[in-house]
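Raw contents of my_file_2.pdb, PDB, C-alpha atoms:
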```pdb
ATOM      1  CA  MET A 793     -19.363   9.594 -10.729
ATOM      2  CA  THR A 794     -21.324   7.395  -8.338
ATOM      3  CA  THR A 795     -20.177   6.579  -4.816
ATOM      4  CA  ALA A 796     -19.655   2.957  -5.829
ATOM      5  CA  ALA A 797     -17.521   4.015  -8.784
ATOM      6  CA  ARG A 798     -15.384   6.270  -6.596
ATOM      7  CA  ARG A 799     -14.844   3.437  -4.111
ATOM      8  CA  ALA A 800     -13.914   1.080  -6.927
ATOM      9  CA  GLY A 801     -11.468   3.634  -8.278
ATOM     10  CA  ARG A 802      -9.805   4.081  -4.866
ATOM     11  CA  LEU A 803      -9.539   0.321  -4.437
ATOM     12  CA  LEU A 804      -7.986  -0.049  -7.884
ATOM     13  CA  ARG A 805      -5.406   2.665  -7.128
ATOM     14  CA  ARG A 806      -4.469   0.971  -3.840
ATOM     15  CA  ILE A 807      -4.038  -2.347  -5.589
ATOM     16  CA  LEU A 808      -1.886  -0.786  -8.312
ATOM     17  CA  VAL A 809       0.371   0.962  -5.792
ATOM     18  CA  ALA A 810       0.760  -2.215  -3.750
ATOM     19  CA  VAL A 811       1.512  -4.263  -6.858
ATOM     20  CA  THR A 812       4.039  -1.639  -7.986
ATOM     21  CA  ALA A 813       5.783  -1.711  -4.621
ATOM     22  CA  VAL A 814       6.105  -5.484  -4.684
ATOM     23  CA  ALA A 815       7.151  -5.401  -8.347
ATOM     24  CA  VAL A 816       9.970  -2.967  -7.518
ATOM     25  CA  LEU A 817      11.158  -5.262  -4.751
ATOM     26  CA  ALA A 818      10.970  -8.279  -7.028
ATOM     27  CA  ALA A 819      12.794  -6.501  -9.848
ATOM     28  CA  THR A 820      15.646  -5.554  -7.550
ATOM     29  CA  GLY A 821      15.793  -9.060  -6.070
ATOM     30  CA  THR A 822      15.081  -7.854  -2.548
ATOM     31  CA  THR A 823      11.711  -9.408  -1.761
ATOM     32  CA  GLY A 824      13.067 -12.631  -0.289
ATOM     33  CA  TRP A 825      15.925 -10.782   1.389
ATOM     34  CA  LEU A 826      13.552  -8.408   3.203
ATOM     35  CA  LEU A 827      11.448 -11.354   4.312
ATOM     36  CA  THR A 828      14.513 -12.941   5.919
ATOM     37  CA  LEU A 829      15.240  -9.734   7.851
ATOM     38  CA  GLN A 830      11.973  -9.955   9.776
ATOM     39  CA  HIS A 831      12.921 -13.375  11.162
ATOM     40  CA  GLY A 832      15.048 -13.981  14.211
ATOM     41  CA  THR A 833      14.885 -13.321  17.926
ATOM     42  CA  PRO A 834      15.565  -9.799  19.220
ATOM     43  CA  ALA A 835      18.287  -9.465  21.826
ATOM     44  CA  ALA A 836      17.063  -9.369  25.396
ATOM     45  CA  THR A 837      18.714  -5.950  25.719
ATOM     46  CA  ALA A 838      16.775  -4.574  22.720
ATOM     47  CA  ARG A 839      14.387  -2.628  24.916
ATOM     48  CA  THR A 840      13.822   0.992  25.757
ATOM     49  CA  GLN A 841      16.802   3.112  26.758
ATOM     50  CA  GLY A 842      14.449   5.764  28.129
ATOM     51  CA  ARG A 843      14.869   7.880  24.974
ATOM     52  CA  ASP A 844      11.485   7.402  23.307
ATOM     53  CA  ALA A 845       9.218  10.108  21.908
ATOM     54  CA  VAL A 846       5.661  10.763  20.766
ATOM     55  CA  TRP A 847       4.207  13.331  18.389
ATOM     56  CA  LEU A 848       1.371  15.339  20.024
ATOM     57  CA  GLY A 849      -1.379  17.020  18.033
ATOM     58  CA  HIS A 850      -2.344  20.672  17.816
ATOM     59  CA  ALA A 851      -5.147  20.258  20.347
ATOM     60  CA  TRP A 852      -2.535  20.554  23.107
ATOM     61  CA  VAL A 853      -1.679  24.137  22.219
ATOM     62  CA  ASP A 854      -4.988  25.606  21.010
ATOM     63  CA  GLY A 855      -7.054  24.992  24.143
ATOM     64  CA  ARG A 856      -8.853  21.746  23.324
ATOM     65  CA  ARG A 857      -6.772  19.678  25.763
ATOM     66  CA  ASP A 858      -7.077  20.325  29.474
ATOM     67  CA  GLU A 859      -5.669  19.269  32.833
ATOM     68  CA  ALA A 860      -7.409  15.894  32.794
ATOM     69  CA  ASP A 861      -5.909  15.143  29.388
ATOM     70  CA  ALA A 862      -2.443  16.134  30.621
ATOM     71  CA  VAL A 863      -2.719  13.843  33.649
ATOM     72  CA  ALA A 864      -3.852  10.921  31.479
ATOM     73  CA  LEU A 865      -1.031  11.450  28.977
ATOM     74  CA  ALA A 866       1.506  11.781  31.770
ATOM     75  CA  GLY A 867       0.482   8.369  33.062
ATOM     76  CA  ARG A 868       1.208   6.811  29.678
ATOM     77  CA  LEU A 869       4.537   8.605  29.406
ATOM     78  CA  ARG A 870       5.703   7.593  32.894
ATOM     79  CA  ALA A 871       4.750   3.968  32.175
ATOM     80  CA  GLY A 872       7.107   3.894  29.194
ATOM     81  CA  GLY A 873      10.554   5.152  28.363
ATOM     82  CA  PHE A 874       9.466   8.520  27.019
ATOM     83  CA  SER A 875      11.937  11.374  27.282
ATOM     84  CA  ASP A 876      10.529  13.696  24.604
ATOM     85  CA  VAL A 877       7.261  14.889  23.121
ATOM     86  CA  TYR A 878       6.933  16.793  19.842
ATOM     87  CA  VAL A 879       3.908  19.055  20.264
ATOM     88  CA  HIS A 880       2.478  20.581  17.082
ATOM     89  CA  ALA A 881       2.922  24.356  17.336
ATOM     90  CA  GLY A 882       2.630  25.197  13.625
ATOM     91  CA  PRO A 883       2.078  24.946  10.808
ATOM     92  CA  LEU A 884       4.555  27.470   9.519
ATOM     93  CA  ARG A 885       3.459  29.831   6.783
ATOM     94  CA  ASP A 886       5.138  29.196   3.436
ATOM     95  CA  ASP A 887       7.277  32.306   3.993
ATOM     96  CA  GLY A 888       8.683  30.750   7.185
ATOM     97  CA  THR A 889       6.783  32.836   9.723
ATOM     98  CA  LEU A 890       4.678  31.401  12.541
ATOM     99  CA  ASP A 891       1.380  32.936  13.624
ATOM    100  CA  PRO A 892       1.654  33.238  17.436
ATOM    101  CA  ALA A 893      -2.127  32.917  17.710
ATOM    102  CA  LEU A 894      -1.886  29.280  16.591
ATOM    103  CA  ALA A 895      -0.357  28.019  19.846
ATOM    104  CA  PRO A 896      -1.519  30.163  22.768
ATOM    105  CA  ARG A 897      -1.236  27.236  25.204
ATOM    106  CA  LEU A 898       2.327  26.202  24.349
ATOM    107  CA  PRO A 899       3.713  27.699  27.588
ATOM    108  CA  TRP A 900       1.046  25.831  29.587
ATOM    109  CA  VAL A 901       1.586  22.417  27.990
ATOM    110  CA  ALA A 902       5.367  22.722  28.239
ATOM    111  CA  GLY A 903       5.289  23.622  31.903
ATOM    112  CA  ARG A 904       2.503  21.236  32.893
ATOM    113  CA  LEU A 905       3.907  18.128  31.216
ATOM    114  CA  ARG A 906       7.371  18.790  32.645
ATOM    115  CA  ALA A 907       5.824  19.056  36.105
ATOM    116  CA  LEU A 908       3.858  15.823  35.675
ATOM    117  CA  VAL A 909       6.734  13.865  34.078
ATOM    118  CA  PRO A 910      10.047  14.908  35.634
ATOM    119  CA  GLY A 911      12.826  15.014  33.064
ATOM    120  CA  LEU A 912      10.458  15.184  30.083
ATOM    121  CA  ARG A 913      11.463  17.534  27.260
ATOM    122  CA  VAL A 914       8.721  19.308  25.330
ATOM    123  CA  GLN A 915       9.816  20.171  21.798
ATOM    124  CA  ALA A 916       7.810  22.400  19.450
ATOM    125  CA  TRP A 917       6.902  20.610  16.220
ATOM    126  CA  LEU A 918       7.122  22.990  13.246
ATOM    127  CA  GLY A 919       6.135  21.753   9.814
ATOM    128  CA  ASP A 920       5.165  22.805   6.327
ATOM    129  CA  VAL A 921       5.035  21.506   2.764
ATOM    130  CA  VAL A 922       8.244  22.146   0.827
ATOM    131  CA  GLY A 923       8.390  22.647  -2.919
ATOM    132  CA  PRO A 924       7.325  24.810  -5.855
ATOM    133  CA  GLY A 925       4.504  27.124  -4.884
ATOM    134  CA  ARG A 926       5.030  26.339  -1.198
ATOM    135  CA  MET A 927       7.980  26.801   1.183
ATOM    136  CA  ARG A 928      11.275  27.407  -0.648
ATOM    137  CA  LEU A 929      14.277  26.466   1.477
ATOM    138  CA  ASP A 930      16.633  27.667  -1.238
ATOM    139  CA  ASP A 931      15.558  31.210  -0.304
ATOM    140  CA  PRO A 932      17.813  32.686   2.443
ATOM    141  CA  ALA A 933      15.062  35.058   3.594
ATOM    142  CA  THR A 934      12.645  32.155   4.087
ATOM    143  CA  ARG A 935      15.255  30.264   6.099
ATOM    144  CA  GLU A 936      15.860  33.324   8.279
ATOM    145  CA  ARG A 937      12.147  33.563   9.038
ATOM    146  CA  VAL A 938      11.984  29.848   9.932
ATOM    147  CA  VAL A 939      14.850  30.348  12.383
ATOM    148  CA  ALA A 940      12.994  33.341  13.842
ATOM    149  CA  SER A 941       9.977  31.038  14.314
ATOM    150  CA  ALA A 942      12.229  28.578  16.132
ATOM    151  CA  ARG A 943      13.342  31.375  18.477
ATOM    152  CA  GLN A 944       9.678  32.229  18.980
ATOM    153  CA  VAL A 945       8.700  28.778  20.289
ATOM    154  CA  LEU A 946      11.815  28.517  22.445
ATOM    155  CA  ALA A 947      10.918  31.851  24.040
ATOM    156  CA  ALA A 948       7.436  30.437  24.716
ATOM    157  CA  GLY A 949       8.914  27.671  26.853
ATOM    158  CA  ALA A 950       9.724  24.811  24.475
ATOM    159  CA  ASP A 951      12.800  22.717  25.276
ATOM    160  CA  GLY A 952      13.635  22.227  21.621
ATOM    161  CA  VAL A 953      12.590  22.556  17.995
ATOM    162  CA  HIS A 954      11.368  19.623  15.904
ATOM    163  CA  TYR A 955      11.273  20.172  12.142
ATOM    164  CA  ASP A 956       8.919  18.169   9.941
ATOM    165  CA  LEU A 957       9.396  19.805   6.545
ATOM    166  CA  GLU A 958       8.479  17.544   3.664
ATOM    167  CA  PRO A 959       8.834  16.296   1.041
ATOM    168  CA  LEU A 960      12.545  17.096   1.151
ATOM    169  CA  PRO A 961      14.528  15.881  -1.858
ATOM    170  CA  ASP A 962      17.753  14.016  -1.322
ATOM    171  CA  GLY A 963      20.719  16.384  -1.209
ATOM    172  CA  ASP A 964      18.686  19.529  -0.472
ATOM    173  CA  ALA A 965      21.325  22.136   0.421
ATOM    174  CA  GLY A 966      18.796  24.685   1.686
ATOM    175  CA  TYR A 967      17.659  22.303   4.402
ATOM    176  CA  LEU A 968      21.220  21.755   5.583
ATOM    177  CA  ALA A 969      21.736  25.519   5.738
ATOM    178  CA  LEU A 970      18.526  25.848   7.784
ATOM    179  CA  LEU A 971      19.708  23.180  10.222
ATOM    180  CA  ASP A 972      23.082  24.912  10.626
ATOM    181  CA  ALA A 973      21.417  28.240  11.409
ATOM    182  CA  THR A 974      18.882  26.673  13.792
ATOM    183  CA  ARG A 975      21.543  24.655  15.601
ATOM    184  CA  ARG A 976      23.396  27.864  16.443
ATOM    185  CA  GLU A 977      20.216  29.158  18.092
ATOM    186  CA  THR A 978      19.383  25.975  19.988
ATOM    187  CA  ARG A 979      22.927  25.504  21.264
ATOM    188  CA  ALA A 980      23.049  29.091  22.481
ATOM    189  CA  ARG A 981      19.914  28.382  24.533
ATOM    190  CA  GLY A 982      20.789  24.872  25.701
ATOM    191  CA  ALA A 983      17.861  23.539  23.660
ATOM    192  CA  LEU A 984      17.416  20.532  21.379
ATOM    193  CA  LEU A 985      17.097  20.291  17.609
ATOM    194  CA  SER A 986      15.372  17.250  16.143
ATOM    195  CA  VAL A 987      13.978  16.302  12.743
ATOM    196  CA  ALA A 988      11.519  13.924  11.146
ATOM    197  CA  ALA A 989      13.638  12.263   8.438
ATOM    198  CA  GLU A 990      12.565  10.883   5.086
ATOM    199  CA  PRO A 991      13.026   7.108   4.603
ATOM    200  CA  VAL A 992      16.545   6.042   3.708
ATOM    201  CA  GLN A 993      17.219   3.909   0.640
ATOM    202  CA  PRO A 994      17.517   0.256   1.705
ATOM    203  CA  LEU A 995      20.256  -0.466  -0.854
ATOM    204  CA  PRO A 996      22.828   1.791  -2.554
ATOM    205  CA  GLY A 997      21.549   3.221  -5.793
ATOM    206  CA  THR A 998      17.976   1.960  -5.423
ATOM    207  CA  ALA A 999      16.497   4.813  -7.419
ATOM    208  CA  ALA A1000      13.555   2.546  -8.151
ATOM    209  CA  ALA A1001      12.474   3.117  -4.570
ATOM    210  CA  THR A1002      11.247   6.553  -5.604
ATOM    211  CA  THR A1003       8.529   4.882  -7.664
ATOM    212  CA  TRP A1004       6.923   3.675  -4.455
ATOM    213  CA  ALA A1005       4.197   5.687  -2.784
ATOM    214  CA  ARG A1006       6.578   8.034  -0.933
ATOM    215  CA  PRO A1007       7.977  10.607  -3.373
ATOM    216  CA  VAL A1008      11.329  10.962  -1.611
ATOM    217  CA  TRP A1009      13.949   8.514  -0.330
ATOM    218  CA  TRP A1010      17.225   9.816   1.094
ATOM    219  CA  THR A1011      20.603   8.290   0.411
ATOM    220  CA  PRO A1012      22.619   7.268   3.479
ATOM    221  CA  GLU A1013      25.095  10.031   2.655
ATOM    222  CA  TYR A1014      22.444  12.734   2.874
ATOM    223  CA  LEU A1015      20.936  11.261   6.037
ATOM    224  CA  HIS A1016      24.414  11.519   7.571
ATOM    225  CA  GLU A1017      24.684  15.185   6.569
ATOM    226  CA  VAL A1018      21.349  15.886   8.254
ATOM    227  CA  ALA A1019      22.172  13.849  11.350
ATOM    228  CA  VAL A1020      25.484  15.582  12.100
ATOM    229  CA  ARG A1021      23.553  18.849  12.419
ATOM    230  CA  VAL A1022      20.905  17.750  14.956
ATOM    231  CA  ASP A1023      20.421  16.025  18.313
ATOM    232  CA  GLN A1024      17.696  13.557  17.334
ATOM    233  CA  VAL A1025      16.628  11.896  14.074
ATOM    234  CA  ALA A1026      13.130  10.386  13.991
ATOM    235  CA  MET A1027      12.860   8.146  10.935
ATOM    236  CA  MET A1028       9.510   8.194   9.127
ATOM    237  CA  THR A1029       9.548   4.435   8.611
ATOM    238  CA  TYR A1030       6.028   4.222   7.223
ATOM    239  CA  ASP A1031       3.876   5.052   4.190
ATOM    240  CA  THR A1032       5.693   2.384   2.177
ATOM    241  CA  ALA A1033       2.618   1.035   0.297
ATOM    242  CA  LEU A1034       3.751  -2.488   1.101
ATOM    243  CA  PRO A1035       0.791  -4.879   1.502
ATOM    244  CA  SER A1036       2.484  -7.413   3.768
ATOM    245  CA  ARG A1037       3.339  -7.022   7.428
ATOM    246  CA  ARG A1038       6.393  -9.250   6.967
ATOM    247  CA  LEU A1039       7.713  -7.190   4.042
ATOM    248  CA  TYR A1040       7.082  -3.996   5.980
ATOM    249  CA  THR A1041       8.910  -5.314   9.048
ATOM    250  CA  GLY A1042      11.876  -6.394   6.927
ATOM    251  CA  LEU A1043      12.074  -3.031   5.188
ATOM    252  CA  VAL A1044      12.019  -1.149   8.506
ATOM    253  CA  VAL A1045      14.756  -3.407   9.885
ATOM    254  CA  ARG A1046      16.914  -2.621   6.875
ATOM    255  CA  GLN A1047      16.236   1.125   7.005
ATOM    256  CA  LEU A1048      17.145   1.264  10.699
ATOM    257  CA  GLU A1049      20.325  -0.729  10.086
ATOM    258  CA  VAL A1050      21.362   1.691   7.331
ATOM    259  CA  ALA A1051      20.446   4.694   9.469
ATOM    260  CA  ALA A1052      22.363   3.386  12.495
ATOM    261  CA  ALA A1053      25.481   3.064  10.346
ATOM    262  CA  VAL A1054      25.451   6.734   9.290
ATOM    263  CA  VAL A1055      23.880   8.565  12.250
ATOM    264  CA  PRO A1056      26.663   9.670  14.651
ATOM    265  CA  ASP A1057      26.949   7.824  17.936
ATOM    266  CA  ASP A1058      26.083  10.951  19.920
ATOM    267  CA  VAL A1059      22.821  11.555  18.025
ATOM    268  CA  THR A1060      19.638   9.757  19.098
ATOM    269  CA  LEU A1061      18.076   7.603  16.371
ATOM    270  CA  LEU A1062      14.323   6.973  16.673
ATOM    271  CA  ALA A1063      12.165   4.484  14.761
ATOM    272  CA  GLY A1064       8.808   5.936  13.768
ATOM    273  CA  LEU A1065       5.767   3.868  14.780
ATOM    274  CA  PRO A1066       2.657   4.249  12.551
ATOM    275  CA  ALA A1067      -0.227   4.652  15.019
ATOM    276  CA  TYR A1068      -2.742   6.110  12.616
ATOM    277  CA  ARG A1069      -5.911   4.852  11.068
ATOM    278  CA  GLY A1070      -7.353   4.579   7.601
ATOM    279  CA  ALA A1071      -6.079   2.986   4.409
ATOM    280  CA  THR A1072      -4.391   5.241   1.875
ATOM    281  CA  LEU A1073      -2.269   4.697  -1.202
ATOM    282  CA  GLN A1074       0.778   4.824   1.068
ATOM    283  CA  HIS A1075      -0.452   3.194   4.270
ATOM    284  CA  ARG A1076      -1.847  -0.316   4.544
ATOM    285  CA  PRO A1077      -3.193  -0.721   8.100
ATOM    286  CA  GLY A1078      -2.813  -4.498   8.075
ATOM    287  CA  ALA A1079       0.857  -4.225   7.124
ATOM    288  CA  GLU A1080       2.095  -1.013   8.729
ATOM    289  CA  THR A1081       1.259  -1.554  12.372
ATOM    290  CA  VAL A1082       2.758  -0.469  15.668
ATOM    291  CA  PRO A1083       3.594  -4.070  16.696
ATOM    292  CA  ALA A1084       5.356  -4.657  13.345
ATOM    293  CA  ALA A1085       7.406  -1.479  13.703
ATOM    294  CA  VAL A1086       8.231  -2.282  17.331
ATOM    295  CA  ARG A1087       9.461  -5.719  16.306
ATOM    296  CA  ALA A1088      11.596  -4.142  13.584
ATOM    297  CA  ALA A1089      13.046  -1.689  16.108
ATOM    298  CA  ARG A1090      13.984  -4.539  18.425
ATOM    299  CA  LEU A1091      15.552  -6.569  15.601
ATOM    300  CA  ALA A1092      17.564  -3.566  14.377
ATOM    301  CA  ALA A1093      18.455  -2.035  17.748
ATOM    302  CA  PRO A1094      22.197  -1.292  18.031
ATOM    303  CA  PRO A1095      24.094  -3.211  20.733
ATOM    304  CA  ALA A1096      23.371  -1.919  24.204
ATOM    305  CA  GLY A1097      25.464   1.133  25.032
ATOM    306  CA  SER A1098      26.724   1.699  21.490
ATOM    307  CA  GLN A1099      24.240   4.336  20.317
ATOM    308  CA  PRO A1100      21.250   6.257  21.746
ATOM    309  CA  PHE A1101      18.204   4.588  20.201
ATOM    310  CA  GLY A1102      14.461   4.604  20.713
ATOM    311  CA  VAL A1103      11.018   4.687  19.128
ATOM    312  CA  ALA A1104       8.687   7.580  18.288
ATOM    313  CA  LEU A1105       4.921   7.072  18.226
ATOM    314  CA  TYR A1106       2.946   8.876  15.509
ATOM    315  CA  ALA A1107       0.693  10.197  16.926
ATOM    316  CA  ASP A1108      -1.216  10.702  20.171
ATOM    317  CA  PHE A1109      -4.382  11.881  18.386
ATOM    318  CA  THR A1110      -4.783   8.618  16.471
ATOM    319  CA  ALA A1111      -3.122   6.066  18.760
ATOM    320  CA  THR A1112      -5.466   3.539  20.333
ATOM    321  CA  ASP A1113      -5.112   1.796  23.663
ATOM    322  CA  ASP A1114      -3.829  -1.212  21.717
ATOM    323  CA  ASP A1115      -1.112   0.933  20.116
ATOM    324  CA  TRP A1116       0.075   2.254  23.482
ATOM    325  CA  ARG A1117      -0.052  -1.292  24.872
ATOM    326  CA  ALA A1118       2.041  -2.575  21.957
ATOM    327  CA  VAL A1119       4.731  -0.008  22.767
ATOM    328  CA  HIS A1120       4.637  -0.839  26.461
ATOM    329  CA  ASP A1121       4.557  -4.629  26.160
ATOM    330  CA  GLY A1122       6.861  -4.937  23.152
ATOM    331  CA  TRP A1123       9.369  -2.211  23.932
ATOM    332  CA  SER A1124       9.070  -0.442  27.295
ATOM    333  CA  ALA A1125       8.373  -3.253  29.725
ATOM    334  CA  PRO A1126      11.297  -5.375  30.954
ATOM    335  CA  PRO A1127      11.378  -8.944  29.567
ATOM    336  CA  ARG A1128       9.559 -11.520  31.654
TER     337      ARG A1128
END
```
Please render this file's structure as structure tokens.
Amino acid sequence: MTTAARRAGRLLRRILVAVTAVAVLAATGTTGWLLTLQHGTPAATARTQGRDAVWLGHAWVDGRRDEADAVALAGRLRAGGFSDVYVHAGPLRDDGTLDPALAPRLPWVAGRLRALVPGLRVQAWLGDVVGPGRMRLDDPATRERVVASARQVLAAGADGVHYDLEPLPDGDAGYLALLDATRRETRARGALLSVAAEPVQPLPGTAAATTWARPVWWTPEYLHEVAVRVDQVAMMTYDTALPSRRLYTGLVVRQLEVAAAVVPDDVTLLAGLPAYRGATLQHRPGAETVPAAVRAARLAAPPAGSQPFGVALYADFTATDDDWRAVHDGWSAPPR
């Protein structure tokens, strides 16, 4: 196949996925409704509560990042409302174990960033692919090894454990059992437990949502079961395949509203911000943008004082200066 043919094929697939996404919305009568959700004026109080987060890449723990990088990042964090970073310390092996050689600099980055940004919490991001032929969370032995990996990163100086295990089907009982076991460990150490959560269905019974680009959408009931077991829930409000910024903003508003209704008031809810480049079947850069997600977060933000709420930037290794500026100007900075 020629290069031109491959490009044409990729373009055709993107168009088909985008058309399918819009067709699903149209078939369920939600297109116009989502468009109305992105209108309006955010409340003046819909700004940072000082509970925001950012995912940090593996370069921070394998030696590629140095003191100058830490100082530069600290400046960005202090300028915003960042309380947490999720630094990639994995990936986990499919059997749940973690190779300690993967993150030799985890103690350094945890200690250095805490020194540069007083009050910052450095959580170890542990991820893997879940499913047949990969990690099996229905296996008790695998879950025990994942918990042992969590103990491993906490012993190395992390302030918490951040799980990004996907795709996780709605209702997965093995995941809930893993969270229960990990929470016992984190509580015993005064540490945090946080998760990257699958998108939540925008309407009850919208099974058609699973035909979109993301293979998994959680029901509100399952999101609640996950949330009661953790300290922070970072919603992966991206990879929707929607071609329009307005549709994307409306969908994120709705997902955050649904999530806020089921996440307990003592658990921090974070809106994921898509700061990554390149068009894929799931991600349309002109639609899924940091400014669009920030606007959605402001429109959906719970009333001041009612629930801990923030944003989470994905990720430092792809975010541009414009992305950081969008977070600062649209979310972190006080209104003028």
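Closest approach to Arg1021 in chain A among A:Leu1039, A:Ala969, A:Ala1051, A:Val1044 is made by A:Ala969 (distances from all atoms listed in the file).
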For the file shown, what are the residues hit by the PyMOL selection byres ((chain A and resi 1082) around 8), laid out as number ranges by chain?
A: 1065-1067, 1080-1081, 1083-1086, 1115, 1118-1119
Spatial sel., origin (6.1, 30.6, 8.5), limit 12 Å, only C-alpha atoms, listed as number ranges by chain:
A: 881-892, 894, 918-922, 926-929, 933-942, 944, 957
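Once the PyMOL selection byres ((chain A and resi 845) around 6) is applied to the shown structure, the selection contains Asp844, Val846, Phe874, Asp876, Val877 and Ala1104 of chain A.
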Would you mind telling me which residue in A:Pro1035, A:Arg943, A:Asp1121, A:Asp1108 lies nearest to Ala864 in chain A when using only C-alpha atoms?
A:Asp1108
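From CA of Val1020 in chain A back to CA of Gln993 in chain A, the distance works out to 18.3 Å.
Taking only C-alpha atoms into account, those protein, DNA and RNA residues with any atom at most 7 Å away from (11.0, 10.1, 11.2) amount to A:Ala988, A:Ala989, A:Glu990, A:Val1025, A:Ala1026, A:Met1027, A:Met1028, A:Thr1029, A:Ala1063, A:Gly1064.
Across A:Val1054, A:Val901, A:Leu1048, A:Val953, the tightest approach to Thr974 in chain A is made by A:Val953 when counting all atoms listed in the file.
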